[in-house]
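Note: the block below is model.tsv and it holds TSV, C-alpha atoms.
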```
chain	number	residue	atom	x	y	z
A	1	GLN	CA	84.86	-11.87	-11.01
A	2	VAL	CA	81.15	-11.30	-11.49
A	3	GLN	CA	79.45	-14.19	-13.25
A	4	LEU	CA	75.82	-14.66	-14.21
A	5	VAL	CA	74.78	-17.95	-15.77
A	6	GLU	CA	71.26	-18.39	-17.11
A	7	SER	CA	69.57	-21.72	-17.71
A	8	GLY	CA	66.14	-23.21	-18.31
A	9	GLY	CA	65.34	-21.95	-21.79
A	10	GLY	CA	63.95	-24.13	-24.53
A	11	LEU	CA	61.15	-24.72	-27.01
A	12	VAL	CA	57.61	-24.55	-25.67
A	13	GLN	CA	54.16	-24.43	-27.24
A	14	PRO	CA	51.96	-21.34	-26.91
A	15	GLY	CA	50.24	-21.40	-23.54
A	16	GLY	CA	53.04	-23.39	-21.98
A	17	SER	CA	55.38	-22.58	-19.11
A	18	LEU	CA	59.10	-22.38	-18.46
A	19	ARG	CA	61.21	-21.51	-15.46
A	20	LEU	CA	64.48	-19.68	-16.03
A	21	SER	CA	67.24	-19.54	-13.46
A	22	CYS	CA	70.27	-17.32	-13.09
A	23	ALA	CA	73.18	-18.45	-10.93
A	24	ALA	CA	75.26	-15.55	-9.67
A	25	SER	CA	78.77	-15.44	-8.24
A	26	GLY	CA	81.59	-13.01	-7.60
A	27	PHE	CA	79.61	-10.42	-5.66
A	28	THR	CA	77.43	-10.03	-2.57
A	29	PHE	CA	74.23	-11.30	-4.13
A	30	GLY	CA	71.92	-10.50	-1.25
A	31	GLY	CA	72.82	-6.83	-1.33
A	32	LEU	CA	71.80	-6.05	-4.89
A	33	ALA	CA	68.63	-5.84	-6.93
A	34	MET	CA	68.42	-8.19	-9.89
A	35	SER	CA	66.53	-8.08	-13.15
A	36	TRP	CA	65.63	-10.08	-16.23
A	37	HIS	CA	65.72	-8.69	-19.75
A	38	ARG	CA	65.13	-10.12	-23.18
A	39	GLN	CA	66.08	-9.54	-26.78
A	40	GLY	CA	64.08	-10.85	-29.69
A	41	SER	CA	65.57	-11.38	-33.12
A	42	GLY	CA	66.14	-8.03	-34.78
A	43	LYS	CA	64.93	-6.14	-31.73
A	44	GLY	CA	66.52	-4.16	-28.93
A	45	ARG	CA	67.02	-5.55	-25.46
A	46	GLU	CA	64.07	-4.82	-23.18
A	47	TRP	CA	63.51	-5.00	-19.45
A	48	VAL	CA	61.15	-7.75	-18.31
A	49	ALA	CA	61.12	-7.83	-14.53
A	50	GLY	CA	63.05	-6.76	-11.45
A	51	VAL	CA	63.31	-7.82	-7.82
A	52	SER	CA	64.56	-5.81	-4.85
A	53	THR	CA	67.37	-6.81	-2.51
A	54	ASN	CA	65.14	-8.68	-0.08
A	55	GLY	CA	62.63	-9.87	-2.66
A	56	GLY	CA	59.93	-7.73	-1.14
A	57	ILE	CA	59.42	-5.59	-4.21
A	58	THR	CA	58.89	-6.98	-7.67
A	59	GLU	CA	58.10	-5.09	-10.83
A	60	TYR	CA	57.10	-6.21	-14.29
A	61	ALA	CA	56.84	-4.86	-17.79
A	62	ASP	CA	53.23	-4.47	-18.84
A	63	PHE	CA	53.58	-7.15	-21.51
A	64	VAL	CA	54.33	-9.87	-18.92
A	65	LYS	CA	52.21	-8.76	-15.96
A	66	GLY	CA	50.06	-11.57	-14.68
A	67	ARG	CA	52.05	-14.18	-16.63
A	68	PHE	CA	55.63	-13.97	-15.32
A	69	SER	CA	56.91	-14.05	-11.76
A	70	ILE	CA	60.41	-13.12	-10.60
A	71	SER	CA	61.87	-14.45	-7.37
A	72	ARG	CA	65.22	-14.79	-5.66
A	73	GLU	CA	66.83	-17.25	-3.28
A	74	ASP	CA	69.71	-15.50	-1.58
A	75	ALA	CA	70.95	-18.66	0.14
A	76	LYS	CA	71.63	-20.12	-3.30
A	77	ASN	CA	72.60	-16.90	-5.09
A	78	THR	CA	69.92	-17.44	-7.69
A	79	VAL	CA	67.19	-15.39	-9.31
A	80	SER	CA	64.42	-17.09	-11.23
A	81	LEU	CA	61.76	-16.15	-13.73
A	82	GLN	CA	58.65	-18.30	-13.83
A	83	MET	CA	56.91	-17.80	-17.15
A	84	THR	CA	53.38	-19.00	-17.82
A	85	ASN	CA	50.88	-18.64	-20.64
A	86	LEU	CA	53.75	-18.08	-23.02
A	87	LYS	CA	53.07	-16.41	-26.35
A	88	PRO	CA	55.00	-16.50	-29.63
A	89	GLU	CA	55.98	-12.88	-29.04
A	90	ASP	CA	57.82	-13.97	-25.88
A	91	THR	CA	60.39	-15.68	-28.12
A	92	ALA	CA	63.75	-14.13	-27.27
A	93	VAL	CA	67.07	-14.61	-25.59
A	94	TYR	CA	66.57	-13.95	-21.88
A	95	TYR	CA	69.31	-12.38	-19.78
A	96	CYS	CA	69.75	-11.67	-16.11
A	97	ARG	CA	71.46	-8.48	-15.10
A	98	VAL	CA	73.05	-6.86	-12.08
A	99	TRP	CA	74.30	-3.29	-11.76
A	100	ILE	CA	77.36	-2.91	-9.57
A	101	GLY	CA	79.24	0.34	-9.04
A	102	GLY	CA	78.11	1.87	-12.31
A	103	ILE	CA	78.79	-1.24	-14.38
A	104	ASP	CA	76.18	-3.45	-15.98
A	105	TYR	CA	76.86	-7.17	-15.82
A	106	TRP	CA	75.00	-9.62	-18.01
A	107	GLY	CA	74.88	-13.35	-18.40
A	108	GLN	CA	75.27	-15.11	-21.73
A	109	GLY	CA	71.52	-15.52	-22.08
A	110	THR	CA	69.19	-18.45	-22.57
A	111	GLN	CA	66.99	-18.91	-25.64
A	112	VAL	CA	63.24	-19.19	-25.22
A	113	THR	CA	61.25	-20.16	-28.29
A	114	VAL	CA	57.46	-20.25	-28.20
A	115	SER	CA	56.09	-22.03	-31.23
A	116	SER	CA	53.63	-24.73	-32.19
```
Rendering of file as C-alpha coordinates:
Amino acid sequence: QVQLVESGGGLVQPGGSLRLSCAASGFTFGGLAMSWHRQGSGKGREWVAGVSTNGGITEYADFVKGRFSISREDAKNTVSLQMTNLKPEDTAVYYCRVWIGGIDYWGQGTQVTVSS
(Lines of atoms letter the chains of each structure in order from A and count residues from 1; the text may use other names and numbers.)
(Lines give C-alpha, C1' and ligand atoms only; values in the text may rest on other atoms or scores of the structure.)
Protein backbone atom coordinates (compact mmCIF):
# COMPACT_ATOMS: atom_id res chain seq x y z
CA GLN A 1 0.00 0.00 0.00
CA VAL A 2 1.03 3.60 -0.52
CA GLN A 3 2.93 5.02 2.43
CA LEU A 4 4.41 8.46 2.97
CA VAL A 5 6.40 9.11 6.12
CA GLU A 6 7.60 12.61 6.92
CA SER A 7 10.43 13.44 9.29
CA GLY A 8 12.74 16.29 10.23
CA GLY A 9 10.35 18.70 11.91
CA GLY A 10 11.07 20.42 15.19
CA LEU A 11 11.45 23.69 17.04
CA VAL A 12 13.66 26.33 15.44
CA GLN A 13 14.31 30.01 16.07
CA PRO A 14 13.28 32.64 13.52
CA GLY A 15 15.90 32.82 10.79
CA GLY A 16 16.88 29.21 11.30
CA SER A 17 16.76 26.24 8.94
CA LEU A 18 15.27 22.77 8.84
CA ARG A 19 15.29 19.96 6.32
CA LEU A 20 12.19 17.81 6.02
CA SER A 21 12.20 14.40 4.37
CA CYS A 22 9.43 12.18 3.08
CA ALA A 23 10.06 8.47 2.59
CA ALA A 24 7.72 6.92 0.05
CA SER A 25 6.79 3.30 -0.61
CA GLY A 26 4.12 1.23 -2.27
CA PHE A 27 4.21 2.90 -5.67
CA THR A 28 6.57 3.70 -8.54
CA PHE A 29 8.10 6.80 -6.99
CA GLY A 30 10.11 7.91 -9.99
CA GLY A 31 7.04 8.14 -12.18
CA LEU A 32 5.06 10.64 -10.16
CA ALA A 33 5.26 14.28 -9.20
CA MET A 34 5.46 15.00 -5.48
CA SER A 35 4.50 17.97 -3.38
CA TRP A 36 4.70 19.45 0.10
CA HIS A 37 1.80 21.12 1.86
CA ARG A 38 1.26 22.61 5.28
CA GLN A 39 -1.51 23.34 7.73
CA GLY A 40 -1.20 25.89 10.48
CA SER A 41 -3.33 25.78 13.60
CA GLY A 42 -6.87 26.84 12.76
CA LYS A 43 -6.04 27.21 9.08
CA GLY A 44 -6.69 25.24 5.92
CA ARG A 45 -4.08 23.06 4.29
CA GLU A 46 -2.04 24.96 1.70
CA TRP A 47 0.32 23.93 -1.06
CA VAL A 48 3.97 24.83 -0.46
CA ALA A 49 6.06 23.34 -3.25
CA GLY A 50 6.05 20.73 -5.98
CA VAL A 51 8.62 18.78 -7.99
CA SER A 52 8.20 17.06 -11.34
CA THR A 53 8.88 13.40 -12.05
CA ASN A 54 12.53 13.90 -12.98
CA GLY A 55 13.14 16.80 -10.62
CA GLY A 56 13.65 19.16 -13.52
CA ILE A 57 10.72 21.38 -12.67
CA THR A 58 10.12 22.83 -9.24
CA GLU A 59 7.44 25.28 -8.20
CA TYR A 60 6.86 27.23 -5.03
CA ALA A 61 4.15 29.19 -3.31
CA ASP A 62 4.96 32.88 -3.28
CA PHE A 63 5.29 32.90 0.50
CA VAL A 64 8.26 30.49 0.43
CA LYS A 65 10.02 31.49 -2.80
CA GLY A 66 13.68 32.13 -2.23
CA ARG A 67 13.60 30.45 1.19
CA PHE A 68 12.52 26.84 0.57
CA SER A 69 13.89 24.29 -1.88
CA ILE A 70 12.24 21.01 -2.87
CA SER A 71 14.25 18.10 -4.23
CA ARG A 72 13.88 14.38 -4.83
CA GLU A 73 16.17 11.38 -4.80
CA ASP A 74 14.51 8.64 -6.81
CA ALA A 75 17.12 6.03 -5.88
CA LYS A 76 16.02 6.39 -2.26
CA ASN A 77 12.33 7.11 -2.87
CA THR A 78 12.55 10.34 -0.94
CA VAL A 79 11.46 13.92 -1.43
CA SER A 80 12.92 16.66 0.73
CA LEU A 81 12.12 20.23 1.62
CA GLN A 82 15.02 22.44 2.66
CA MET A 83 13.69 25.40 4.60
CA THR A 84 15.80 28.45 5.38
CA ASN A 85 15.18 31.86 6.92
CA LEU A 86 12.20 30.42 8.74
CA LYS A 87 9.55 32.77 10.06
CA PRO A 88 6.99 32.34 12.84
CA GLU A 89 4.27 32.21 10.19
CA ASP A 90 5.90 29.06 8.79
CA THR A 91 4.76 27.22 11.93
CA ALA A 92 2.57 24.35 10.75
CA VAL A 93 2.30 20.64 10.25
CA TYR A 94 4.03 19.80 6.98
CA TYR A 95 2.78 16.98 4.77
CA CYS A 96 4.03 15.34 1.62
CA ARG A 97 1.51 14.30 -0.97
CA VAL A 98 1.24 12.15 -4.07
CA TRP A 99 -1.71 11.88 -6.44
CA ILE A 100 -2.21 8.43 -7.92
CA GLY A 101 -5.10 7.44 -10.15
CA GLY A 102 -7.42 10.13 -8.85
CA ILE A 103 -6.62 9.51 -5.19
CA ASP A 104 -4.70 11.85 -2.91
CA TYR A 105 -2.27 10.18 -0.54
CA TRP A 106 -0.84 12.02 2.44
CA GLY A 107 1.67 11.28 5.13
CA GLN A 108 0.98 11.78 8.81
CA GLY A 109 2.79 15.10 8.82
CA THR A 110 5.68 16.56 10.77
CA GLN A 111 5.37 19.58 13.06
CA VAL A 112 7.51 22.64 12.41
CA THR A 113 7.47 25.34 15.07
CA VAL A 114 9.31 28.61 14.54
CA SER A 115 9.60 30.53 17.78
CA SER A 116 12.13 32.34 19.90
What lies within 9 Å of segment 26-40 of chain A using all atoms listed in the file, ignoring chain neighbours under 5 positions off, as a PyMOL selection string? chain A and resi 1-4+45-55+70+72-75+77-81+89-100+109
From the list A:Gly44, A:Leu18, A:Gln108, A:Met83, the nearest residue to Tyr60 of chain A using only C-alpha atoms is A:Met83
For Gly10 of chain A: contacts at 7 Å, all atoms listed in the file, fewer than 4 positions along chain excluded, given as a tab-separated table (two decimals) with C-alpha atoms, in the frame of the given file:
```
chain	number	residue	atom	x	y	z
A	111	GLN	CA	66.99	-18.91	-25.64
A	112	VAL	CA	63.24	-19.19	-25.22
A	113	THR	CA	61.25	-20.16	-28.29
```
I'd like the interatomic distance between atom CA of Asn85 of chain A and atom CA of Lys65 of chain A, to a tenth of an Å.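 Answer for the atom CA of Asn85 of chain A to atom CA of Lys65 of chain A separation: 11.0 Å.
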Counting only C-alpha atoms, figure out which residue out of A:Asp62, A:Gly107, A:Lys43, A:Ser17 gets nearest to Lys87 of chain A.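 Between A:Asp62, A:Gly107, A:Lys43, A:Ser17, the residue approaching Lys87 of chain A most closely is A:Ser17.
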